[in-house]
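Dumped model-v2.cif below, it's mmCIF, C-alpha atoms:
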```cif
data_data
#
loop_
_atom_site.label_atom_id
_atom_site.label_comp_id
_atom_site.auth_asym_id
_atom_site.auth_seq_id
_atom_site.Cartn_x
_atom_site.Cartn_y
_atom_site.Cartn_z
CA MET A 1 88.07 133.85 103.55
CA THR A 2 88.78 135.47 100.24
CA GLU A 3 92.42 135.73 99.35
CA PHE A 4 93.62 139.02 98.01
CA THR A 5 96.37 138.96 95.45
CA LEU A 6 98.74 141.86 94.99
CA TRP A 7 96.87 142.72 91.81
CA ASP A 8 93.51 142.83 93.67
CA ILE A 9 94.94 145.25 96.20
CA LEU A 10 96.65 147.45 93.62
CA HIS A 11 93.59 147.44 91.38
CA ASN A 12 91.30 148.61 94.18
CA LEU A 13 93.76 151.24 95.32
CA LEU A 14 94.08 152.63 91.81
CA LEU A 15 90.29 152.80 91.50
CA ALA A 16 90.20 154.71 94.78
CA ALA A 17 92.99 157.02 93.64
CA ARG A 18 90.58 158.38 91.03
CA TRP A 19 88.52 159.90 93.84
CA THR A 20 91.63 161.37 95.42
CA ILE A 21 92.34 163.05 92.09
CA VAL A 22 88.75 164.26 91.61
CA LEU A 23 88.57 165.65 95.14
CA SER A 24 91.97 167.35 94.68
CA LEU A 25 90.77 168.96 91.46
CA ILE A 26 87.56 170.18 93.10
CA ALA A 27 89.48 171.62 96.03
CA PHE A 28 92.09 173.23 93.78
CA ALA A 29 89.53 174.76 91.42
CA GLY A 30 87.35 175.86 94.34
CA GLY A 31 90.37 177.26 96.15
CA ILE A 32 91.31 179.35 93.11
CA ILE A 33 87.75 180.63 92.62
CA VAL A 34 87.33 181.61 96.28
CA GLY A 35 90.96 182.63 96.77
CA LEU A 36 91.07 185.18 93.96
CA PRO A 37 88.47 187.61 95.37
CA LEU A 38 90.02 187.07 98.83
CA THR A 39 93.40 188.13 97.45
CA ILE A 40 91.93 191.27 95.89
CA MET A 41 90.21 192.09 99.19
CA ARG A 42 93.40 191.35 101.11
CA VAL A 43 95.35 194.01 99.18
CA SER A 44 92.48 196.49 98.85
CA LYS A 45 92.55 200.01 100.25
CA VAL A 46 89.57 199.37 102.52
CA ARG A 47 90.91 198.47 105.93
CA ALA A 48 87.86 196.49 107.07
CA LEU A 49 88.12 194.21 104.04
CA ARG A 50 91.82 193.60 104.63
CA THR A 51 91.25 192.77 108.29
CA ALA A 52 88.32 190.49 107.54
CA VAL A 53 90.35 188.44 105.06
CA LEU A 54 93.32 188.43 107.42
CA LEU A 55 91.12 186.90 110.12
CA TYR A 56 89.76 184.36 107.64
CA ILE A 57 93.30 183.33 106.69
CA GLU A 58 94.43 183.17 110.33
CA LEU A 59 91.42 181.01 111.17
CA PHE A 60 92.12 178.45 108.45
CA GLN A 61 95.90 178.46 108.83
CA GLY A 62 95.70 178.28 112.62
CA THR A 63 93.39 175.28 112.95
CA PRO A 64 93.79 171.67 111.83
CA LEU A 65 92.27 170.69 108.50
CA LEU A 66 90.70 167.77 110.34
CA MET A 67 88.71 170.18 112.54
CA GLN A 68 87.61 172.09 109.43
CA LEU A 69 86.40 168.82 107.95
CA PHE A 70 84.53 167.91 111.14
CA LEU A 71 82.92 171.35 111.35
CA ALA A 72 81.87 171.18 107.71
CA PHE A 73 80.53 167.66 108.18
CA PHE A 74 78.56 168.39 111.35
CA GLY A 75 77.93 172.08 110.68
CA LEU A 76 76.49 172.09 107.16
CA GLY A 77 73.62 169.97 108.41
CA LEU A 78 72.65 172.74 110.81
CA PHE A 79 71.84 174.92 107.83
CA GLY A 80 69.52 172.29 106.44
CA ILE A 81 71.99 171.17 103.79
CA GLU A 82 72.06 167.46 103.24
CA VAL A 83 75.60 166.48 104.12
CA SER A 84 77.51 163.76 102.38
CA PRO A 85 81.22 163.16 102.83
CA TRP A 86 81.47 164.52 99.27
CA SER A 87 79.95 167.92 100.02
CA ALA A 88 81.63 168.28 103.41
CA ALA A 89 85.07 167.39 102.06
CA SER A 90 84.64 169.64 99.03
CA VAL A 91 83.56 172.62 101.11
CA ALA A 92 86.25 172.19 103.79
CA LEU A 93 89.09 171.61 101.34
CA THR A 94 87.95 174.52 99.16
CA LEU A 95 87.96 176.94 102.09
CA PHE A 96 91.27 175.52 103.35
CA ALA A 97 92.89 175.93 99.93
CA SER A 98 91.44 179.42 99.39
CA ALA A 99 92.98 180.70 102.64
CA TYR A 100 96.47 179.43 101.77
CA LEU A 101 96.24 180.54 98.12
CA ALA A 102 95.07 184.02 99.14
CA GLU A 103 98.09 184.35 101.41
CA ILE A 104 100.48 183.08 98.70
CA TRP A 105 99.00 185.42 96.09
CA ARG A 106 99.04 188.41 98.42
CA GLY A 107 102.80 188.04 98.52
CA CYS A 108 102.90 187.92 94.72
CA VAL A 109 100.75 191.04 94.33
CA GLU A 110 102.85 192.90 96.87
CA ALA A 111 106.01 191.88 95.00
CA ILE A 112 104.90 194.08 92.08
CA PRO A 113 106.78 197.40 92.46
CA ARG A 114 104.80 200.39 93.69
CA SER A 115 105.85 202.35 90.62
CA GLN A 116 103.56 200.13 88.55
CA TRP A 117 100.60 201.26 90.64
CA GLU A 118 101.66 204.88 90.38
CA ALA A 119 102.13 204.65 86.63
CA ALA A 120 98.67 203.11 86.27
CA THR A 121 97.13 205.80 88.47
CA SER A 122 98.80 208.56 86.48
CA LEU A 123 97.34 207.02 83.33
CA GLY A 124 93.94 207.41 84.92
CA LEU A 125 93.18 203.73 85.47
CA SER A 126 90.76 202.88 88.27
CA TYR A 127 91.67 200.46 91.06
CA LEU A 128 89.95 197.51 89.39
CA GLU A 129 91.36 198.39 85.97
CA THR A 130 94.87 198.60 87.44
CA MET A 131 94.34 195.25 89.11
CA ARG A 132 92.94 193.64 85.99
CA HIS A 133 95.38 194.98 83.38
CA ILE A 134 98.59 195.83 85.22
CA ILE A 135 99.00 194.03 88.52
CA LEU A 136 97.32 190.63 88.15
CA PRO A 137 98.95 189.66 84.82
CA GLN A 138 102.38 190.30 86.33
CA ALA A 139 101.56 188.77 89.70
CA LEU A 140 100.19 185.68 87.97
CA ARG A 141 103.59 184.89 86.52
CA ILE A 142 105.27 184.96 89.93
CA ALA A 143 102.34 183.09 91.46
CA ILE A 144 102.46 179.98 89.31
CA PRO A 145 105.41 178.13 90.95
CA PRO A 146 104.20 178.47 94.57
CA THR A 147 100.64 177.67 93.49
CA VAL A 148 101.76 174.44 91.85
CA GLY A 149 103.79 173.73 94.99
CA PHE A 150 100.71 174.22 97.16
CA SER A 151 98.71 171.76 95.07
CA VAL A 152 100.85 169.06 96.72
CA GLN A 153 99.40 170.13 100.07
CA ILE A 154 95.90 169.77 98.62
CA VAL A 155 96.51 166.24 97.34
CA LYS A 156 97.92 165.25 100.73
CA GLY A 157 95.06 167.07 102.47
CA THR A 158 92.48 164.93 100.70
CA ALA A 159 93.81 161.96 102.71
CA GLN A 160 92.12 163.50 105.75
CA ALA A 161 88.74 163.33 104.03
CA SER A 162 88.95 159.59 104.70
CA ILE A 163 88.28 160.38 108.36
CA ILE A 164 84.80 161.74 107.65
CA GLY A 165 84.08 158.67 105.54
CA PHE A 166 85.10 159.75 102.06
CA ALA A 167 86.19 156.59 100.25
CA GLU A 168 89.39 157.80 98.62
CA LEU A 169 92.85 156.28 98.54
CA THR A 170 93.61 156.33 102.28
CA LYS A 171 90.15 155.07 103.26
CA VAL A 172 90.33 152.17 100.81
CA GLY A 173 93.84 151.51 102.11
CA THR A 174 92.57 151.08 105.67
CA ILE A 175 89.68 148.92 104.46
CA LEU A 176 92.07 146.69 102.51
CA ASN A 177 94.41 146.57 105.50
CA ASN A 178 91.55 145.32 107.67
CA ALA A 179 90.64 142.70 105.08
CA THR A 180 94.12 141.45 104.21
CA LEU A 181 96.10 142.11 107.42
CA LYS A 182 99.08 143.05 105.26
CA PRO A 183 99.73 146.59 106.50
CA PHE A 184 103.24 146.92 105.08
CA MET A 185 102.17 145.99 101.59
CA VAL A 186 98.92 147.97 101.58
CA PHE A 187 100.29 151.19 103.04
CA THR A 188 103.47 151.00 100.97
CA LEU A 189 101.30 150.86 97.85
CA VAL A 190 99.12 153.71 99.15
CA ALA A 191 102.23 155.78 99.84
CA VAL A 192 103.67 154.98 96.41
CA ILE A 193 100.47 156.13 94.69
CA TYR A 194 100.46 159.39 96.67
CA PHE A 195 104.10 159.83 95.78
CA ALA A 196 103.33 159.27 92.11
CA LEU A 197 100.64 161.97 92.31
CA CYS A 198 102.65 164.51 94.31
CA TYR A 199 106.23 164.16 93.12
CA PRO A 200 105.60 165.41 89.56
CA LEU A 201 103.92 168.48 91.08
CA THR A 202 106.90 169.03 93.40
CA ILE A 203 109.33 168.72 90.51
CA GLY A 204 107.14 170.93 88.32
CA ALA A 205 107.04 173.66 90.96
CA LYS A 206 110.81 173.52 91.39
CA ARG A 207 111.43 173.68 87.65
CA LEU A 208 109.01 176.57 87.14
CA GLU A 209 110.72 178.47 89.91
CA LYS A 210 114.11 177.94 88.32
CA ASN A 211 112.84 179.01 84.89
CA PHE A 212 111.27 182.07 86.38
CA ASN A 213 114.50 183.07 88.11
CA VAL A 214 116.40 182.66 84.86
CA THR A 215 114.01 184.83 82.85
CA ARG A 216 113.97 187.47 85.54
CA ARG A 217 117.74 187.71 85.61
CA THR A 218 118.10 188.34 81.88
CA MET B 1 67.72 177.12 111.33
CA ASP B 2 65.83 175.06 113.87
CA TYR B 3 68.88 173.75 115.59
CA GLN B 4 69.73 175.25 118.97
CA LEU B 5 73.40 175.41 119.83
CA HIS B 6 74.12 174.12 123.31
CA PHE B 7 77.61 174.98 124.35
CA GLN B 8 76.68 174.24 127.98
CA ALA B 9 76.70 170.57 126.97
CA VAL B 10 80.48 170.83 126.55
CA TRP B 11 81.12 172.50 129.89
CA PRO B 12 81.05 169.35 132.10
CA TYR B 13 83.92 168.01 130.01
CA ALA B 14 86.14 171.07 130.49
CA GLY B 15 88.59 169.12 132.62
CA GLN B 16 89.01 166.45 129.97
CA LEU B 17 89.47 169.07 127.26
CA ALA B 18 92.16 170.74 129.36
CA TYR B 19 93.91 167.38 129.77
CA GLY B 20 93.63 166.70 126.03
CA THR B 21 95.10 170.13 125.32
CA TRP B 22 97.98 169.38 127.66
CA LEU B 23 98.64 166.08 125.83
CA THR B 24 98.64 167.91 122.48
CA ILE B 25 101.17 170.41 123.86
CA LYS B 26 103.36 167.59 125.17
CA LEU B 27 103.14 165.66 121.92
CA THR B 28 104.04 168.79 119.95
CA ALA B 29 106.95 169.70 122.22
CA ILE B 30 108.52 166.24 121.93
CA SER B 31 107.98 166.10 118.16
CA VAL B 32 109.40 169.57 117.60
CA ALA B 33 112.49 168.80 119.67
CA GLY B 34 112.99 165.45 117.95
CA GLY B 35 112.12 166.75 114.51
CA LEU B 36 114.55 169.66 114.70
CA ALA B 37 117.30 167.31 115.90
CA VAL B 38 116.63 164.94 112.99
CA GLY B 39 116.46 167.91 110.66
CA THR B 40 119.82 169.27 111.81
CA ILE B 41 121.53 165.91 111.41
CA GLY B 42 119.73 165.33 108.13
CA ALA B 43 120.80 168.70 106.76
CA ALA B 44 124.39 168.05 107.85
CA CYS B 45 124.32 164.75 105.93
CA ARG B 46 122.58 166.30 102.94
CA THR B 47 125.17 169.04 102.55
CA GLY B 48 128.09 166.82 103.58
CA SER B 49 130.70 165.32 101.31
CA HIS B 50 129.45 161.75 101.67
CA ARG B 51 127.56 161.11 98.44
CA TRP B 52 125.60 158.00 99.40
CA LEU B 53 124.53 159.46 102.73
CA SER B 54 123.41 162.64 101.00
CA ALA B 55 121.41 160.68 98.43
CA ALA B 56 119.79 158.50 101.11
CA VAL B 57 118.71 161.57 103.08
CA GLY B 58 117.39 163.06 99.83
CA VAL B 59 115.19 160.01 99.26
CA TYR B 60 113.92 160.21 102.86
CA VAL B 61 113.03 163.89 102.46
CA GLU B 62 111.19 163.43 99.16
CA ALA B 63 109.38 160.29 100.33
CA ILE B 64 108.03 162.04 103.42
CA ARG B 65 107.24 165.36 101.77
CA ASN B 66 105.22 163.75 99.00
CA THR B 67 103.01 161.47 101.09
CA PRO B 68 100.33 162.40 103.65
CA LEU B 69 101.13 162.35 107.36
CA LEU B 70 98.04 160.20 107.89
CA VAL B 71 99.43 157.44 105.66
CA GLN B 72 102.80 157.67 107.45
CA LEU B 73 100.97 157.22 110.76
CA PHE B 74 99.10 154.15 109.51
CA PHE B 75 102.27 152.73 108.03
CA ILE B 76 104.09 152.97 111.35
CA PHE B 77 101.21 152.06 113.63
CA PHE B 78 100.00 149.03 111.66
CA GLY B 79 103.22 148.15 109.92
CA LEU B 80 105.71 147.92 112.78
CA PRO B 81 103.68 145.46 114.92
CA SER B 82 103.27 143.21 111.89
CA ALA B 83 107.07 143.18 111.66
CA GLY B 84 107.20 142.07 115.27
CA ILE B 85 107.97 145.45 116.85
CA LYS B 86 105.56 146.26 119.66
CA ILE B 87 104.65 149.91 119.81
CA THR B 88 101.91 151.87 121.59
CA ALA B 89 99.70 154.35 119.78
CA THR B 90 101.42 157.30 121.44
CA GLU B 91 104.87 155.99 120.56
CA ALA B 92 103.80 155.49 116.96
CA ALA B 93 102.36 159.00 116.93
CA VAL B 94 105.55 160.59 118.28
CA LEU B 95 107.70 158.55 115.91
CA ALA B 96 105.61 159.51 112.87
CA MET B 97 105.57 163.19 113.82
CA ILE B 98 109.33 163.28 114.38
CA ILE B 99 109.99 161.54 111.06
CA ASN B 100 107.58 163.90 109.29
CA LEU B 101 108.90 167.13 110.79
CA GLY B 102 112.46 165.84 110.42
CA ALA B 103 112.09 165.63 106.65
CA TYR B 104 110.71 169.16 106.28
CA ALA B 105 113.27 170.52 108.74
CA THR B 106 116.09 168.83 106.81
CA GLU B 107 115.01 170.59 103.64
CA ILE B 108 114.58 173.98 105.33
CA ILE B 109 117.86 173.84 107.27
CA ARG B 110 119.69 172.62 104.14
CA ALA B 111 118.50 175.73 102.31
CA GLY B 112 119.82 177.82 105.21
CA ILE B 113 123.17 176.07 105.19
CA GLU B 114 123.54 176.53 101.45
CA ALA B 115 122.87 180.23 101.90
CA VAL B 116 125.98 180.48 104.11
CA HIS B 117 128.75 181.75 101.88
CA ARG B 118 131.69 179.44 101.15
CA SER B 119 134.14 182.14 102.09
CA GLN B 120 132.76 182.07 105.65
CA ILE B 121 133.63 178.38 105.94
CA GLU B 122 137.07 178.93 104.44
CA ALA B 123 137.66 181.76 106.87
CA ALA B 124 136.66 179.51 109.78
CA GLN B 125 139.05 176.80 108.57
CA SER B 126 141.91 179.26 108.20
CA LEU B 127 141.25 180.37 111.77
CA GLY B 128 141.84 176.77 112.83
CA LEU B 129 138.28 175.86 113.85
CA SER B 130 137.54 172.15 113.84
CA ARG B 131 134.84 170.78 111.54
CA LEU B 132 132.36 170.50 114.40
CA GLN B 133 133.18 173.99 115.63
CA THR B 134 132.75 175.36 112.12
CA PHE B 135 129.41 173.60 111.78
CA ARG B 136 128.18 174.86 115.12
CA HIS B 137 129.38 178.46 115.11
CA VAL B 138 129.75 179.40 111.47
CA ILE B 139 127.13 177.32 109.70
CA ILE B 140 124.19 176.18 111.78
CA VAL B 141 123.49 179.20 113.98
CA PRO B 142 123.59 181.79 111.17
CA ALA B 143 121.60 179.37 109.01
CA LEU B 144 118.93 178.94 111.71
CA THR B 145 118.65 182.69 112.07
CA LYS B 146 117.82 182.99 108.39
CA ILE B 147 115.35 180.13 108.12
CA TRP B 148 113.62 180.53 111.49
CA PRO B 149 110.34 181.86 110.01
CA ALA B 150 110.02 178.84 107.68
CA LEU B 151 110.96 176.48 110.48
CA SER B 152 108.43 178.12 112.80
CA SER B 153 105.54 177.63 110.43
CA GLN B 154 106.59 174.01 109.97
CA CYS B 155 106.41 173.56 113.75
CA VAL B 156 102.91 175.04 113.73
CA PHE B 157 102.02 172.61 110.91
CA ILE B 158 103.11 169.61 112.93
CA MET B 159 101.10 170.89 115.92
CA LEU B 160 98.03 171.09 113.69
CA GLY B 161 98.92 167.71 112.19
CA SER B 162 98.98 166.17 115.67
CA SER B 163 95.16 166.15 115.45
CA LEU B 164 95.55 163.21 113.05
CA VAL B 165 97.07 160.90 115.64
CA SER B 166 93.59 160.54 117.15
CA GLN B 167 93.00 158.21 114.19
CA ILE B 168 95.39 155.62 115.60
CA SER B 169 93.76 156.10 119.02
CA ALA B 170 96.60 158.12 120.49
CA GLN B 171 95.15 160.44 123.10
CA GLU B 172 95.25 164.19 122.58
CA LEU B 173 92.82 167.05 121.99
CA THR B 174 91.02 165.67 118.93
CA PHE B 175 90.74 162.24 120.56
CA THR B 176 89.16 163.94 123.58
CA ALA B 177 86.80 165.92 121.33
CA ASN B 178 85.72 162.72 119.55
CA PHE B 179 85.14 161.06 122.91
CA ILE B 180 83.02 163.94 124.20
CA ALA B 181 81.02 164.08 120.96
CA SER B 182 80.23 160.39 121.33
CA ARG B 183 78.97 161.06 124.85
CA ASN B 184 76.86 164.19 124.55
CA PHE B 185 75.99 164.01 120.83
CA ARG B 186 76.83 167.70 120.49
CA SER B 187 79.45 167.15 117.80
CA PHE B 188 79.31 170.61 116.28
CA GLU B 189 79.65 172.43 119.59
CA VAL B 190 82.48 170.17 120.76
CA TYR B 191 84.44 170.63 117.55
CA VAL B 192 83.92 174.41 117.62
CA VAL B 193 85.45 174.47 121.10
CA ALA B 194 88.31 172.18 120.04
CA THR B 195 88.96 174.31 116.95
CA LEU B 196 89.18 177.45 119.08
CA ILE B 197 91.63 175.70 121.44
CA TYR B 198 93.79 174.77 118.44
CA LEU B 199 93.63 178.37 117.25
CA VAL B 200 94.87 179.58 120.64
CA LEU B 201 97.60 176.93 120.62
CA SER B 202 98.88 177.87 117.18
CA VAL B 203 98.85 181.59 117.93
CA GLY B 204 100.65 180.86 121.22
CA LEU B 205 103.21 178.59 119.59
CA ARG B 206 103.96 181.21 116.97
CA GLN B 207 104.50 183.82 119.70
CA ILE B 208 106.86 181.50 121.62
CA LEU B 209 108.88 180.79 118.49
CA ARG B 210 109.06 184.51 117.77
CA LEU B 211 110.38 185.14 121.30
CA ILE B 212 113.01 182.43 120.82
CA ASP B 213 114.00 184.13 117.59
CA ARG B 214 114.36 187.45 119.36
CA TYR B 215 116.44 186.21 122.29
CA ALA B 216 118.39 183.21 120.99
CA PHE B 217 119.31 184.71 117.65
CA ALA B 218 119.78 188.26 118.89
CA ARG B 219 121.38 190.07 115.96
CA ARG B 220 124.96 190.68 116.86
#
```
As structure tokens, how would this structure be written, given the file I've shared?
Amino acid sequence: MTEFTLWDILHNLLLAARWTIVLSLIAFAGGIIVGLPLTIMRVSKVRALRTAVLLYIELFQGTPLLMQLFLAFFGLGLFGIEVSPWSAASVALTLFASAYLAEIWRGCVEAIPRSQWEAATSLGLSYLETMRHIILPQALRIAIPPTVGFSVQIVKGTAQASIIGFAELTKVGTILNNATLKPFMVFTLVAVIYFALCYPLTIGAKRLEKNFNVTRRT
Amino acid sequence: MDYQLHFQAVWPYAGQLAYGTWLTIKLTAISVAGGLAVGTIGAACRTGSHRWLSAAVGVYVEAIRNTPLLVQLFFIFFGLPSAGIKITATEAAVLAMIINLGAYATEIIRAGIEAVHRSQIEAAQSLGLSRLQTFRHVIIVPALTKIWPALSSQCVFIMLGSSLVSQISAQELTFTANFIASRNFRSFEVYVVATLIYLVLSVGLRQILRLIDRYAFARR
């Protein structure tokens, strides 16, 4: 039997952490791209659009991410799409992130005072122009701290992709655990790497929030 | 799309799904009760005057909040037996969920406690209330009233997170769904049904927590 040194374990885990980072970035970027139009629909004047997005958000916030991953993994194939853990995890995490981001951003858009809308309307700006030039730039500033905070949820969410066979940090952790039978050491290292990825984001979100509160007060 | 959906294939397993749902509800109820208890004690320590205790709780909160629940589950389920502590999958699942929810609840309740104005506490002391009485009547109940929405969504999160304990072979709804999928090979249909059950559970849990809010914390 091959002996694994601490360095072997750490080395393999760090290699696997790359895929955790890549998947997180895909999900975060995808979540922003899908979440933005959802947000605009969520605050639109058309009732049907608002309700549709509300249902979408309820669906993704009211069901486990694991189920979303399973449905993507077993469901994409039904549409004739070749499914790899990569595509399934990317799709599921993107949709998951978009639902949460749309809900976070809705709050930010609604935090912009009504008078801003009225001023824009009285200047003759259309709905989209108001959105583009008046509301979104202001909402964006409020949105940054909670968005950074949510990215922690995405990084942690990628751990669940291991269950559909995506070889990221958690998956490699379980494989190494099976090979070395040193669960304390392996999972402590896995946890430490996740912590190293998430904690800066947590701190960043907290600091941004504090800065924002200071600038708003003055 | 050539594939034909066959939801009838799930029907013979309705009884098992109902049992799995019941197990998920039980698991969630125990974890929520335990997690809120840990959270209350944790928040009391965090805001207390004991510096080392406060720092230790702070480390616990940050460690749990910045690592995935799945890794915490594996750590407990595989780690404890290797340290000589025998533990069943369900016990490990409950333990992990309580520890996880406890950390989030600590942070949420702490925020609530810190929102209680100092003058309130001073007033309670000048009225001759003991420290425990002050904590119970002046601090924790008003704090809970304020942070109930955040706490509620955290409880829903842990219910959704309970699906992960299937990975350490603890039985609940997802475990049942996996089992059925391995029997009838209708994975997609089974998981659609399980997802809908989870949706009903989370909507129901949110309603229950809202009712508790209305009756227990009736605005006086």
Q: Carefully work through the PyMOL selection byres ((chain A and resi 203) around 12) for this structure and note down the residues it includes, as a VMD selection string.
A: (chain A and resid 145 to 146 148 to 149 151 to 152 195 to 202 204 to 210) or (chain B and resid 62 65 to 66)
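Comparing the minimum interatomic distances between chain A and each of B:Leu95, B:Val71, B:Val59, B:Ala181, counting all atoms listed in the file, we find that B:Val71 sits nearest.
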Q: Give me the result of the PyMOL selection byres ((chain B) within 10 of (chain A)) on this file, residue by residue, as an MDAnalysis selection string.
A: chainID B and resid 1:5 62:83 153 156:164 167 174 177:178 186:192 194:203 206
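Atom pair atom CA of Ala96 of chain B / atom CA of Cys155 of chain B has a distance of 14.1 Å (rounded to one decimal).
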Q: Run through the PyMOL selection byres ((chain A and resi 17) around 10) on the given coordinates and return the selected residues as an MDAnalysis selection string.
A: chainID A and resid 11:16 18:23 167:170 172 190 193:194 197
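Note that atom CA of Phe179 of chain B and atom CA of Thr90 of chain B are 16.8 Å apart.
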Q) Could you list as JSON, numbers by chain every residue that has an atom within 12 Å of (109.7, 181.3, 117.7), using the file's coordinates and counting all atoms listed in the file? A) {"B": [32, 144, 145, 147, 148, 149, 150, 151, 152, 153, 154, 155, 156, 202, 203, 204, 205, 206, 207, 208, 209, 210, 211, 212, 213, 214, 215, 216, 217]}
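A straight line drawn from atom CA of Ser126 of chain B to atom CA of Trp52 of chain B is 28.2 Å long.
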**Q.** Spatial neighbours of segment 34-51 of chain B, 9 Å, all atoms listed in the file, chain gap at least 6 places, as a PyMOL selection string
**A.** chain B and resi 57-58+61+94-95+97-111+113-114+135+140+151+155
Hey, could you pull the box centre and edge lengths for segment 128-136 of chain B, axis-aligned, 3 Å padding per side, all listed atoms, to one decimal in Å, as lines of an AutoDock Vina configuration file?
```
center_x = 135.0
center_y = 173.6
center_z = 113.6
size_x = 19.7
size_y = 12.3
size_z = 10.1
```
Q: For Ile57 of chain A, work out the shell of residues within 8 Å, counting only C-alpha atoms and skipping chain neighbours fewer than 6 positions away, then give it as number ranges by chain.
A: A: 99-100, 102-103
